[in-house]
file input_29.tsv (TSV, C-alpha atoms)
chain	number	residue	atom	x	y	z
T	170	MET	CA	23.58	-22.51	-54.73
T	171	THR	CA	26.69	-23.38	-56.72
T	172	HIS	CA	29.34	-21.01	-55.51
T	173	GLU	CA	31.74	-19.41	-57.92
T	174	LEU	CA	34.01	-18.93	-54.89
T	175	LEU	CA	33.76	-20.81	-51.61
T	176	THR	CA	36.23	-20.00	-48.82
T	177	ILE	CA	36.90	-21.70	-45.51
T	178	GLY	CA	38.44	-20.48	-42.27
T	179	ARG	CA	38.93	-17.36	-40.24
T	180	ILE	CA	36.26	-14.81	-39.43
T	181	SER	CA	36.32	-12.12	-36.76
T	182	VAL	CA	35.13	-8.71	-35.76
T	183	ASP	CA	37.81	-6.15	-36.66
T	184	ILE	CA	38.01	-3.18	-34.30
T	185	TYR	CA	39.93	-0.50	-36.16
T	186	PRO	CA	40.90	2.90	-34.75
T	187	ASN	CA	39.45	6.06	-36.16
T	188	ASP	CA	42.60	7.82	-34.95
T	189	ILE	CA	45.36	7.36	-37.51
T	190	GLY	CA	49.05	7.41	-36.75
T	191	VAL	CA	48.90	6.80	-32.99
T	192	ASP	CA	49.61	3.80	-30.76
T	193	LEU	CA	46.66	1.68	-29.67
T	194	GLU	CA	46.79	3.01	-26.10
T	195	ASP	CA	46.22	6.53	-27.43
T	196	VAL	CA	43.24	5.74	-29.65
T	197	GLU	CA	40.02	7.40	-28.50
T	198	SER	CA	37.43	5.88	-30.86
T	199	PHE	CA	37.07	2.79	-33.01
T	200	GLY	CA	34.98	1.40	-35.86
T	201	LYS	CA	33.63	-2.17	-36.05
T	202	TYR	CA	33.95	-4.25	-39.24
T	203	LEU	CA	33.75	-7.80	-40.54
T	204	GLY	CA	37.22	-9.34	-40.71
T	205	GLY	CA	39.20	-12.54	-41.18
T	206	SER	CA	41.12	-13.16	-44.38
T	207	PRO	CA	39.03	-15.92	-46.06
T	208	SER	CA	35.83	-14.03	-45.23
T	209	ASN	CA	37.29	-10.80	-46.63
T	210	VAL	CA	38.26	-12.61	-49.85
T	211	ALA	CA	34.66	-13.79	-50.26
T	212	VAL	CA	33.44	-10.22	-49.73
T	213	ALA	CA	35.97	-8.90	-52.23
T	214	ALA	CA	34.89	-11.35	-54.94
T	215	ALA	CA	31.22	-10.61	-54.24
T	216	ARG	CA	31.97	-6.93	-54.95
T	217	HIS	CA	33.03	-8.06	-58.42
T	218	GLY	CA	29.66	-9.76	-58.92
T	219	ARG	CA	30.62	-13.30	-57.97
T	220	ARG	CA	28.45	-15.80	-56.09
T	221	THR	CA	30.47	-16.42	-52.95
T	222	GLY	CA	30.11	-18.24	-49.67
T	223	VAL	CA	32.10	-18.93	-46.50
T	224	ILE	CA	32.50	-22.05	-44.40
T	225	THR	CA	33.26	-20.87	-40.89
T	226	ARG	CA	32.09	-20.69	-37.28
T	227	THR	CA	31.27	-17.78	-34.97
T	228	GLY	CA	30.47	-17.63	-31.29
T	229	ASP	CA	26.87	-17.94	-30.17
T	230	ASP	CA	26.79	-14.26	-29.28
T	231	ALA	CA	25.99	-10.74	-30.45
T	232	PHE	CA	29.20	-10.45	-32.47
T	233	GLY	CA	28.25	-13.67	-34.26
T	234	ILE	CA	24.89	-12.17	-35.16
T	235	TYR	CA	26.71	-9.08	-36.42
T	236	LEU	CA	28.99	-11.15	-38.69
T	237	HIS	CA	26.03	-12.99	-40.24
T	238	ARG	CA	24.39	-9.63	-40.90
T	239	GLU	CA	27.54	-8.24	-42.50
T	240	LEU	CA	28.05	-11.26	-44.74
T	241	ARG	CA	24.49	-10.96	-46.02
T	242	LYS	CA	24.94	-7.20	-46.49
T	243	PHE	CA	27.89	-7.87	-48.78
T	244	GLY	CA	26.04	-10.56	-50.73
T	245	VAL	CA	28.02	-13.49	-49.30
T	246	ASP	CA	26.16	-16.75	-48.61
T	247	ASP	CA	26.24	-17.41	-44.85
T	248	SER	CA	24.34	-20.71	-44.89
T	249	LEU	CA	27.55	-22.63	-44.07
T	250	VAL	CA	28.33	-20.38	-41.11
T	251	THR	CA	27.16	-21.76	-37.76
T	252	ALA	CA	27.69	-20.97	-34.08
T	253	VAL	CA	29.93	-22.66	-31.52
T	254	LYS	CA	28.52	-22.30	-28.00
T	255	GLU	CA	31.77	-22.92	-26.12
T	256	TRP	CA	33.88	-20.06	-27.53
T	257	PRO	CA	33.17	-16.35	-28.12
T	258	THR	CA	33.49	-14.73	-31.52
T	259	ALA	CA	37.07	-13.66	-32.08
T	260	VAL	CA	37.91	-9.95	-32.09
T	261	THR	CA	40.97	-8.33	-33.70
T	262	PHE	CA	42.32	-4.91	-32.77
T	263	CYS	CA	44.98	-3.05	-34.68
T	264	ALA	CA	46.84	0.22	-34.65
T	265	ILE	CA	47.02	2.12	-37.93
T	266	LYS	CA	50.34	3.87	-38.40
T	267	PRO	CA	50.97	4.35	-42.11
T	268	PRO	CA	52.80	3.75	-44.28
T	269	ASP	CA	53.86	0.32	-43.00
T	270	ASP	CA	53.14	-0.20	-39.29
T	271	PHE	CA	49.84	-2.02	-38.63
T	272	PRO	CA	50.29	-4.25	-35.56
T	273	LEU	CA	47.50	-6.75	-34.90
T	274	TYR	CA	46.19	-7.84	-31.50
T	275	PHE	CA	44.12	-11.05	-31.49
T	276	TYR	CA	41.51	-11.60	-28.77
T	277	GLY	CA	39.44	-14.76	-28.37
T	278	ARG	CA	41.90	-16.92	-30.37
T	279	PHE	CA	43.83	-18.56	-27.54
T	280	PRO	CA	43.61	-21.39	-26.81
T	281	THR	CA	41.22	-21.58	-29.75
T	282	ALA	CA	38.52	-19.73	-31.68
T	283	PRO	CA	35.16	-20.74	-33.16
T	284	ASP	CA	36.52	-20.81	-36.73
T	285	LEU	CA	39.15	-23.33	-35.61
T	286	GLN	CA	36.35	-25.61	-34.43
T	287	ILE	CA	35.11	-26.51	-37.93
T	288	GLN	CA	34.46	-30.26	-37.87
T	289	ALA	CA	35.22	-32.51	-40.84
T	290	ALA	CA	31.92	-34.35	-40.36
T	291	GLU	CA	30.00	-31.07	-40.74
T	292	LEU	CA	31.36	-30.17	-44.19
T	293	ASP	CA	29.08	-29.88	-47.21
T	294	LEU	CA	31.35	-31.83	-49.56
T	295	ASP	CA	29.03	-31.32	-52.54
T	296	ALA	CA	29.31	-27.55	-52.17
T	297	ILE	CA	33.09	-27.84	-51.89
T	298	GLN	CA	33.39	-30.13	-54.91
T	299	ASN	CA	31.15	-28.01	-57.11
T	300	ALA	CA	32.56	-24.57	-56.30
T	301	GLY	CA	34.34	-22.85	-59.14
T	302	ILE	CA	37.14	-21.88	-56.76
T	303	PHE	CA	37.76	-23.30	-53.30
T	304	TRP	CA	39.99	-21.04	-51.17
T	305	SER	CA	41.70	-21.94	-47.90
T	306	THR	CA	44.57	-20.57	-45.81
T	307	VAL	CA	47.54	-22.02	-43.97
T	308	THR	CA	46.17	-20.58	-40.71
T	309	GLY	CA	43.28	-23.02	-40.93
T	310	LEU	CA	45.80	-25.85	-40.55
T	311	CYS	CA	47.26	-24.63	-37.26
T	312	GLN	CA	45.17	-26.82	-34.93
T	313	GLU	CA	42.49	-29.49	-34.72
T	314	PRO	CA	39.67	-29.97	-35.55
T	315	SER	CA	40.07	-27.29	-38.23
T	316	ARG	CA	43.13	-29.06	-39.65
T	317	GLU	CA	41.28	-32.32	-40.28
T	318	ALA	CA	38.36	-30.41	-41.79
T	319	HIS	CA	40.66	-28.56	-44.21
T	320	ILE	CA	42.37	-31.78	-45.25
T	321	LYS	CA	39.04	-33.54	-45.83
T	322	ALA	CA	37.77	-30.58	-47.84
T	323	HIS	CA	40.86	-30.65	-50.06
T	324	GLU	CA	40.67	-34.41	-50.49
T	325	ALA	CA	37.12	-33.92	-51.80
T	326	ARG	CA	38.54	-31.83	-54.66
T	327	ASP	CA	40.80	-34.27	-56.50
T	328	ARG	CA	43.17	-32.02	-58.43
T	329	ASP	CA	43.12	-34.36	-61.42
T	330	LYS	CA	39.32	-34.37	-61.59
T	331	LEU	CA	38.62	-30.64	-61.51
T	332	ARG	CA	36.62	-29.29	-64.42
T	333	ILE	CA	38.11	-26.72	-66.78
T	334	GLY	CA	37.81	-23.37	-65.03
T	335	GLN	CA	37.86	-24.87	-61.52
T	336	TYR	CA	40.70	-23.95	-59.17
T	337	THR	CA	41.77	-24.87	-55.65
T	338	ILE	CA	43.68	-21.98	-54.07
T	339	LEU	CA	45.87	-22.04	-50.97
T	340	ASP	CA	46.66	-18.68	-49.40
T	341	LEU	CA	50.06	-19.24	-47.78
T	342	ASP	CA	48.97	-16.84	-45.01
T	343	TYR	CA	51.45	-17.66	-42.22
T	344	ARG	CA	50.96	-16.05	-38.81
T	345	PRO	CA	53.66	-17.18	-36.39
T	346	MET	CA	51.58	-16.61	-33.23
T	347	PHE	CA	49.37	-19.55	-34.23
T	348	TRP	CA	52.21	-22.05	-34.74
T	349	ALA	CA	54.82	-23.72	-32.55
T	350	SER	CA	57.41	-23.38	-35.34
T	351	GLU	CA	57.87	-22.74	-39.05
T	352	GLU	CA	58.75	-26.42	-39.44
T	353	GLU	CA	55.35	-27.46	-38.09
T	354	ALA	CA	53.61	-25.14	-40.54
T	355	ARG	CA	55.74	-26.41	-43.45
T	356	ALA	CA	54.79	-30.00	-42.64
T	357	GLN	CA	51.08	-29.16	-42.75
T	358	VAL	CA	51.43	-27.19	-45.98
T	359	ALA	CA	53.08	-30.26	-47.53
T	360	ARG	CA	49.92	-32.26	-46.77
T	361	ILE	CA	47.73	-29.78	-48.62
T	362	LEU	CA	49.87	-28.87	-51.65
T	363	PRO	CA	49.09	-32.11	-53.55
T	364	HIS	CA	45.48	-30.90	-53.79
T	365	VAL	CA	46.23	-27.26	-54.73
T	366	THR	CA	46.24	-25.72	-58.20
T	367	VAL	CA	47.09	-22.12	-57.19
T	368	ALA	CA	49.31	-20.96	-54.31
T	369	ILE	CA	49.62	-17.30	-53.28
T	370	GLY	CA	52.05	-15.78	-50.78
T	371	ASN	CA	54.73	-13.22	-50.08
T	372	ASP	CA	58.41	-14.13	-49.83
T	373	LYS	CA	58.23	-15.01	-46.11
T	374	GLU	CA	55.10	-17.13	-46.55
T	375	CYS	CA	56.64	-18.93	-49.53
T	376	ALA	CA	59.78	-19.54	-47.47
T	377	VAL	CA	57.70	-21.19	-44.74
T	378	ALA	CA	55.93	-23.31	-47.36
T	379	VAL	CA	58.83	-24.40	-49.58
T	380	GLY	CA	62.03	-22.88	-48.17
T	381	GLU	CA	64.14	-19.78	-48.62
T	382	GLY	CA	65.19	-18.64	-52.08
T	383	THR	CA	64.56	-16.12	-54.81
T	384	PRO	CA	60.96	-15.56	-55.88
T	385	ASP	CA	61.62	-17.64	-58.99
T	386	GLU	CA	63.11	-20.47	-56.97
T	387	GLN	CA	60.15	-20.46	-54.61
T	388	ALA	CA	57.68	-20.39	-57.49
T	389	ASP	CA	59.51	-23.27	-59.17
T	390	ARG	CA	59.28	-25.35	-55.98
T	391	LEU	CA	55.55	-24.72	-55.77
T	392	LEU	CA	55.19	-25.74	-59.42
T	393	ALA	CA	57.25	-28.87	-58.75
T	394	ALA	CA	54.74	-29.73	-56.00
T	395	GLY	CA	52.03	-29.80	-58.66
T	396	VAL	CA	50.65	-26.27	-58.36
T	397	GLU	CA	49.61	-24.86	-61.75
T	398	ILE	CA	49.97	-21.15	-60.88
T	399	ALA	CA	52.44	-19.89	-58.27
T	400	VAL	CA	51.93	-16.28	-57.19
T	401	VAL	CA	54.73	-14.61	-55.24
T	402	LYS	CA	54.13	-11.11	-53.93
T	403	LEU	CA	57.21	-8.91	-54.31
T	404	GLY	CA	56.34	-6.07	-51.94
T	405	PRO	CA	57.36	-2.72	-53.46
T	406	ASP	CA	58.31	-4.51	-56.70
T	407	GLY	CA	54.78	-5.72	-57.43
T	408	VAL	CA	53.76	-9.36	-57.85
T	409	MET	CA	54.91	-12.30	-59.97
T	410	ALA	CA	52.91	-15.25	-61.25
T	411	LYS	CA	54.49	-18.28	-62.81
T	412	THR	CA	53.19	-21.35	-64.60
T	413	ARG	CA	55.13	-24.08	-66.38
T	414	THR	CA	55.03	-22.04	-69.59
T	415	GLU	CA	54.67	-18.41	-68.51
T	416	ARG	CA	56.20	-15.87	-66.16
T	417	VAL	CA	54.38	-12.57	-65.55
T	418	VAL	CA	55.27	-9.63	-63.33
T	419	SER	CA	52.79	-6.86	-62.52
T	420	ALA	CA	54.44	-3.62	-61.45
T	421	PRO	CA	53.15	-1.97	-58.26
T	422	VAL	CA	50.24	0.47	-58.38
T	423	PRO	CA	51.43	3.29	-56.10
T	424	VAL	CA	48.88	4.81	-53.72
T	425	GLU	CA	49.04	6.69	-50.44
T	426	THR	CA	48.74	3.91	-47.87
T	427	VAL	CA	46.22	4.35	-45.06
T	428	ASN	CA	45.86	0.73	-43.89
T	429	GLY	CA	47.75	-2.13	-45.53
T	430	LEU	CA	45.92	-4.94	-43.74
T	431	GLY	CA	43.16	-5.65	-46.27
T	432	ALA	CA	45.15	-5.24	-49.48
T	433	GLY	CA	46.02	-8.94	-49.77
T	434	ASP	CA	42.39	-10.00	-49.33
T	435	SER	CA	41.25	-7.51	-51.96
T	436	PHE	CA	43.98	-8.88	-54.24
T	437	GLY	CA	42.71	-12.41	-53.60
T	438	GLY	CA	39.06	-11.66	-54.38
T	439	ALA	CA	39.98	-9.79	-57.55
T	440	PHE	CA	42.40	-12.54	-58.56
T	441	CYS	CA	39.58	-15.09	-58.26
T	442	HIS	CA	37.33	-12.85	-60.32
T	443	GLY	CA	39.96	-12.67	-63.07
T	444	LEU	CA	40.48	-16.43	-63.11
T	445	LEU	CA	36.74	-17.06	-63.28
T	446	SER	CA	36.51	-14.55	-66.14
T	447	GLY	CA	39.11	-16.50	-68.13
T	448	TRP	CA	41.44	-13.52	-68.54
T	449	PRO	CA	45.10	-13.88	-69.51
T	450	LEU	CA	47.35	-14.16	-66.47
T	451	ALA	CA	48.92	-10.73	-66.99
T	452	ARG	CA	45.49	-9.13	-66.99
T	453	VAL	CA	44.45	-11.01	-63.86
T	454	LEU	CA	47.56	-9.80	-62.02
T	455	ASP	CA	47.16	-6.16	-63.02
T	456	TYR	CA	43.50	-6.14	-62.01
T	457	ALA	CA	44.19	-7.83	-58.66
T	458	ASN	CA	47.15	-5.55	-58.03
T	459	ALA	CA	45.01	-2.46	-58.52
T	460	ALA	CA	42.24	-3.87	-56.32
T	461	GLY	CA	44.72	-4.43	-53.52
T	462	ALA	CA	46.12	-0.92	-53.89
T	463	ILE	CA	42.67	0.62	-53.54
T	464	VAL	CA	42.02	-1.08	-50.21
T	465	ALA	CA	45.48	-0.09	-48.95
T	466	SER	CA	44.41	3.51	-49.50
T	467	ARG	CA	41.32	3.09	-47.29
T	468	LEU	CA	40.72	2.54	-43.57
T	469	SER	CA	38.68	-0.67	-43.35
T	470	CYS	CA	38.97	-4.05	-45.05
T	471	ALA	CA	35.63	-5.66	-45.97
T	472	ASP	CA	33.82	-2.34	-46.32
T	473	ALA	CA	36.66	-0.98	-48.46
T	474	MET	CA	36.57	-3.68	-51.17
T	475	PRO	CA	36.37	-1.98	-54.58
T	476	THR	CA	33.88	-2.40	-57.39
T	477	PRO	CA	35.00	-3.25	-60.95
T	478	ASP	CA	34.47	0.39	-61.95
T	479	GLU	CA	36.85	1.57	-59.24
T	480	VAL	CA	39.53	-0.94	-60.24
T	481	THR	CA	39.33	-0.26	-63.94
T	482	SER	CA	39.29	3.51	-63.35
T	483	LEU	CA	42.52	3.28	-61.35
T	484	LEU	CA	44.14	1.16	-64.05
T	485	ALA	CA	43.04	3.61	-66.72
T	486	GLU	CA	44.41	6.54	-64.71
T	487	ARG	CA	47.78	4.79	-64.51
T	488	GLY	CA	47.81	3.80	-68.17
T	489	ARG	CA	47.64	0.10	-67.33
T	490	LEU	CA	45.50	-1.20	-70.22
T	491	VAL	CA	42.13	0.07	-71.37
T	492	ALA	CA	39.58	-0.21	-68.56
T	493	ALA	CA	36.86	-1.66	-70.80
T	494	THR	CA	38.96	-4.73	-71.53
T	495	PHE	CA	38.51	-5.84	-67.93
T	496	ILE	CA	34.72	-6.00	-67.94
T	497	PRO	CA	33.79	-9.68	-68.37
T	498	LYS	CA	30.97	-10.78	-70.60
T	499	GLY	CA	27.73	-11.05	-68.61
T	500	PHE	CA	28.57	-8.31	-66.11
T	501	THR	CA	27.65	-4.67	-65.92
T	502	THR	CA	30.27	-2.17	-64.88
T	503	GLU	CA	28.85	-2.43	-61.37
T	504	GLY	CA	29.66	-6.13	-61.33
T	505	ALA	CA	26.05	-7.41	-61.24
T	506	THR	CA	25.12	-10.35	-63.44
T	507	LEU	CA	22.87	-9.58	-66.37

call {"tool": "encode", "arguments": {"input": "input_29.tsv", "output": "structure tokens"}}
result
Amino acid sequence: MTHELLTIGRISVDIYPNDIGVDLEDVESFGKYLGGSPSNVAVAAARHGRRTGVITRTGDDAFGIYLHRELRKFGVDDSLVTAVKEWPTAVTFCAIKPPDDFPLYFYGRFPTAPDLQIQAAELDLDAIQNAGIFWSTVTGLCQEPSREAHIKAHEARDRDKLRIGQYTILDLDYRPMFWASEEEARAQVARILPHVTVAIGNDKECAVAVGEGTPDEQADRLLAAGVEIAVVKLGPDGVMAKTRTERVVSAPVPVETVNGLGAGDSFGGAFCHGLLSGWPLARVLDYANAAGAIVASRLSCADAMPTPDEVTSLLAERGRLVAATFIPKGFTTEGATL
């Protein structure tokens, strides 16, 4: 398989409460879901009809079997997902207290987790080189051997030799509990940026990557590092994307927030879909923005990823371009290839 999107890094079992608006100690029942940002992004893009896969590791346990089953259920290639005998599959709990309080509790990640045990020697470099989009996260750089594997994967995709329509995306996903300091994370980001064509992050993540500043200043620093598209999320003000010749801002798509944790992953999968479709940057941002909003209005992450029909319907409801203009050639409105 040649993947239209291939991601690498974190995977986990998400244990989300069915009781909304209460602290974790007061939750009485939970639901179980596939989780982990790069894996969620692959699921999100698959919902838009894309051929996706994940490079990651699970434990050699029942939760690992569950994650394989979920990936296949969502149409994500799991052939590059293998088990690590020494460490159990990671599990993530959260409390859901809308509109903006969603604390995460990571289990099975300290001192390490299976998805941080990806070995450079195990990588399928042909699959990485040939993927339309290769997506990684800063979290994957937080410790060895995952760090070396990420660097080798990026070195296999020479930025100057990518074909037209190929992209290498770095999600600036910074989680302080996995790092000794912001300075350590910034040093590792600097090793990866020379291979990246698209960088995506919020203001804090961009600050860790390239320093404090306005969104435009941060985007300009990413562009100066050789990135072709810098995407800076603006919180309640929407999202900005900047190239050397264009600056686009997509206004927020207001929804009633239930769980904000999967919105960024839904944004990422939809953003990849828009890039692969060859849409103008403004159209890509609006589509991805709406996809993220939909997941924020739902409980789960992977299971909540929207279809093209759901995204375009929301955009049409809000008067944000005609829905039909977002359906790429070769796809039905359900996102399946013709």

call {"tool": "closest_residue", "arguments": {"input": "input_29.tsv", "among": "T:Ser469, T:Asn299, T:Gln357, T:Gln286", "to": "Asp327 (chain T)", "atoms": "all atoms listed in the file"}}
result
T:Asn299

call {"tool": "closest_residue", "arguments": {"input": "input_29.tsv", "among": "T:Arg278, T:Lys266, T:Arg452, T:His217", "to": "Met346 (chain T)", "atoms": "only C-alpha atoms"}}
result
T:Arg278

call {"tool": "axis_aligned_box", "arguments": {"input": "input_29.tsv", "around": "region 215-218 of chain T", "padding_each_side": "5 Å", "output": "AutoDock Vina command-line options"}}
result
--center_x 31.3 --center_y -8.8 --center_z -56.6 --size_x 13.4 --size_y 13.7 --size_z 14.7

call {"tool": "atom_distance", "arguments": {"input": "input_29.tsv", "atom1": "CA of Leu403 (chain T)", "atom2": "CA of Pro421 (chain T)"}}
result
9.0 Å

call {"tool": "atom_distance", "arguments": {"input": "input_29.tsv", "atom1": "CA of Leu175 (chain T)", "atom2": "CA of Pro207 (chain T)"}}
result
9.1 Å

call {"tool": "residues_around", "arguments": {"input": "input_29.tsv", "residues": "Pro475 (chain T)", "least_positions_apart": "3", "cutoff": "9 Å", "atoms": "only C-alpha atoms", "output": "list in words"}}
result
Ala213, Arg216, His217, Ser435, Ala460, Gly461, Ile463, Val464, Asp472, Asp478, Glu479 and Val480 of chain T

call {"tool": "residues_around", "arguments": {"input": "input_29.tsv", "residues": "Ala322 (chain T)", "least_positions_apart": "5", "cutoff": "10 Å", "atoms": "only C-alpha atoms", "output": "PyMOL selection string"}}
result
chain T and resi 177+289+292-298+303+305+316-317+327+364

call {"tool": "closest_residue", "arguments": {"input": "input_29.tsv", "among": "T:Ala356, T:Val417, T:Val307, T:Ile265", "to": "Val196 (chain T)", "atoms": "only C-alpha atoms"}}
result
T:Ile265

call {"tool": "closest_residue", "arguments": {"input": "input_29.tsv", "among": "T:Ala214, T:Leu236, T:Val182, T:Ile224", "to": "Tyr274 (chain T)", "atoms": "all atoms listed in the file"}}
result
T:Val182

call {"tool": "residues_near_point", "arguments": {"input": "input_29.tsv", "point": "(49.3, -33.1, -50.5)", "cutoff": "10 Å", "atoms": "only C-alpha atoms", "output": "ChimeraX atom specification"}}
result
/T:320,323-324,357-365,394-395

call {"tool": "atom_distance", "arguments": {"input": "input_29.tsv", "atom1": "CA of Phe440 (chain T)", "atom2": "CA of Gly404 (chain T)"}}
result
16.7 Å

call {"tool": "decode", "arguments": {"input": "input_29.tsv", "residues": "region 454-471 of chain T", "atoms": "N, CA, C and O atoms", "output": "short mmCIF file (atom, residue, chain, number, x, y, z; two decimals), in the first residue's frame"}}
result
data_model
loop_
_atom_site.label_atom_id
_atom_site.label_comp_id
_atom_site.auth_asym_id
_atom_site.auth_seq_id
_atom_site.Cartn_x
_atom_site.Cartn_y
_atom_site.Cartn_z
N LEU T 454 -8.28 25.46 5.51
CA LEU T 454 -8.42 25.90 6.90
C LEU T 454 -9.87 25.88 7.35
O LEU T 454 -10.17 25.45 8.47
N ASP T 455 -10.78 26.38 6.53
CA ASP T 455 -12.19 26.38 6.92
C ASP T 455 -12.70 24.96 7.14
O ASP T 455 -13.42 24.68 8.10
N TYR T 456 -12.34 24.06 6.24
CA TYR T 456 -12.79 22.67 6.34
C TYR T 456 -12.23 22.03 7.61
O TYR T 456 -12.97 21.37 8.38
N ALA T 457 -10.93 22.22 7.86
CA ALA T 457 -10.31 21.63 9.04
C ALA T 457 -10.87 22.24 10.32
O ALA T 457 -11.07 21.54 11.32
N ASN T 458 -11.13 23.52 10.28
CA ASN T 458 -11.69 24.22 11.43
C ASN T 458 -13.05 23.64 11.80
O ASN T 458 -13.35 23.39 12.98
N ALA T 459 -13.88 23.42 10.81
CA ALA T 459 -15.21 22.86 11.05
C ALA T 459 -15.11 21.43 11.54
O ALA T 459 -15.87 21.01 12.44
N ALA T 460 -14.18 20.65 10.99
CA ALA T 460 -14.00 19.27 11.44
C ALA T 460 -13.60 19.22 12.90
O ALA T 460 -14.07 18.38 13.68
N GLY T 461 -12.71 20.13 13.31
CA GLY T 461 -12.32 20.18 14.71
C GLY T 461 -13.47 20.57 15.62
O GLY T 461 -13.64 20.01 16.70
N ALA T 462 -14.29 21.51 15.16
CA ALA T 462 -15.43 21.96 15.97
C ALA T 462 -16.41 20.82 16.21
O ALA T 462 -16.97 20.69 17.31
N ILE T 463 -16.63 20.00 15.19
CA ILE T 463 -17.58 18.89 15.34
C ILE T 463 -17.14 17.94 16.44
O ILE T 463 -17.94 17.52 17.29
N VAL T 464 -15.86 17.59 16.47
CA VAL T 464 -15.38 16.66 17.49
C VAL T 464 -15.43 17.30 18.88
O VAL T 464 -15.71 16.62 19.87
N ALA T 465 -15.18 18.60 18.95
CA ALA T 465 -15.29 19.28 20.25
C ALA T 465 -16.71 19.21 20.81
O ALA T 465 -16.90 19.28 22.02
N SER T 466 -17.67 19.02 19.94
CA SER T 466 -19.07 18.95 20.38
C SER T 466 -19.51 17.54 20.73
O SER T 466 -20.67 17.31 21.06
N ARG T 467 -18.56 16.57 20.68
CA ARG T 467 -18.88 15.17 20.95
C ARG T 467 -18.02 14.65 22.09
O ARG T 467 -17.02 15.26 22.48
N LEU T 468 -18.36 13.47 22.61
CA LEU T 468 -17.69 12.93 23.78
C LEU T 468 -16.33 12.33 23.47
O LEU T 468 -15.33 12.65 24.12
N SER T 469 -16.25 11.45 22.49
CA SER T 469 -15.03 10.69 22.24
C SER T 469 -14.14 11.41 21.24
O SER T 469 -14.45 12.52 20.78
N CYS T 470 -13.03 10.79 20.89
CA CYS T 470 -12.11 11.35 19.90
C CYS T 470 -12.19 10.56 18.59
O CYS T 470 -12.82 10.99 17.64
N ALA T 471 -11.55 9.38 18.55
CA ALA T 471 -11.51 8.61 17.30
C ALA T 471 -12.91 8.31 16.79
O ALA T 471 -13.21 8.50 15.60
#
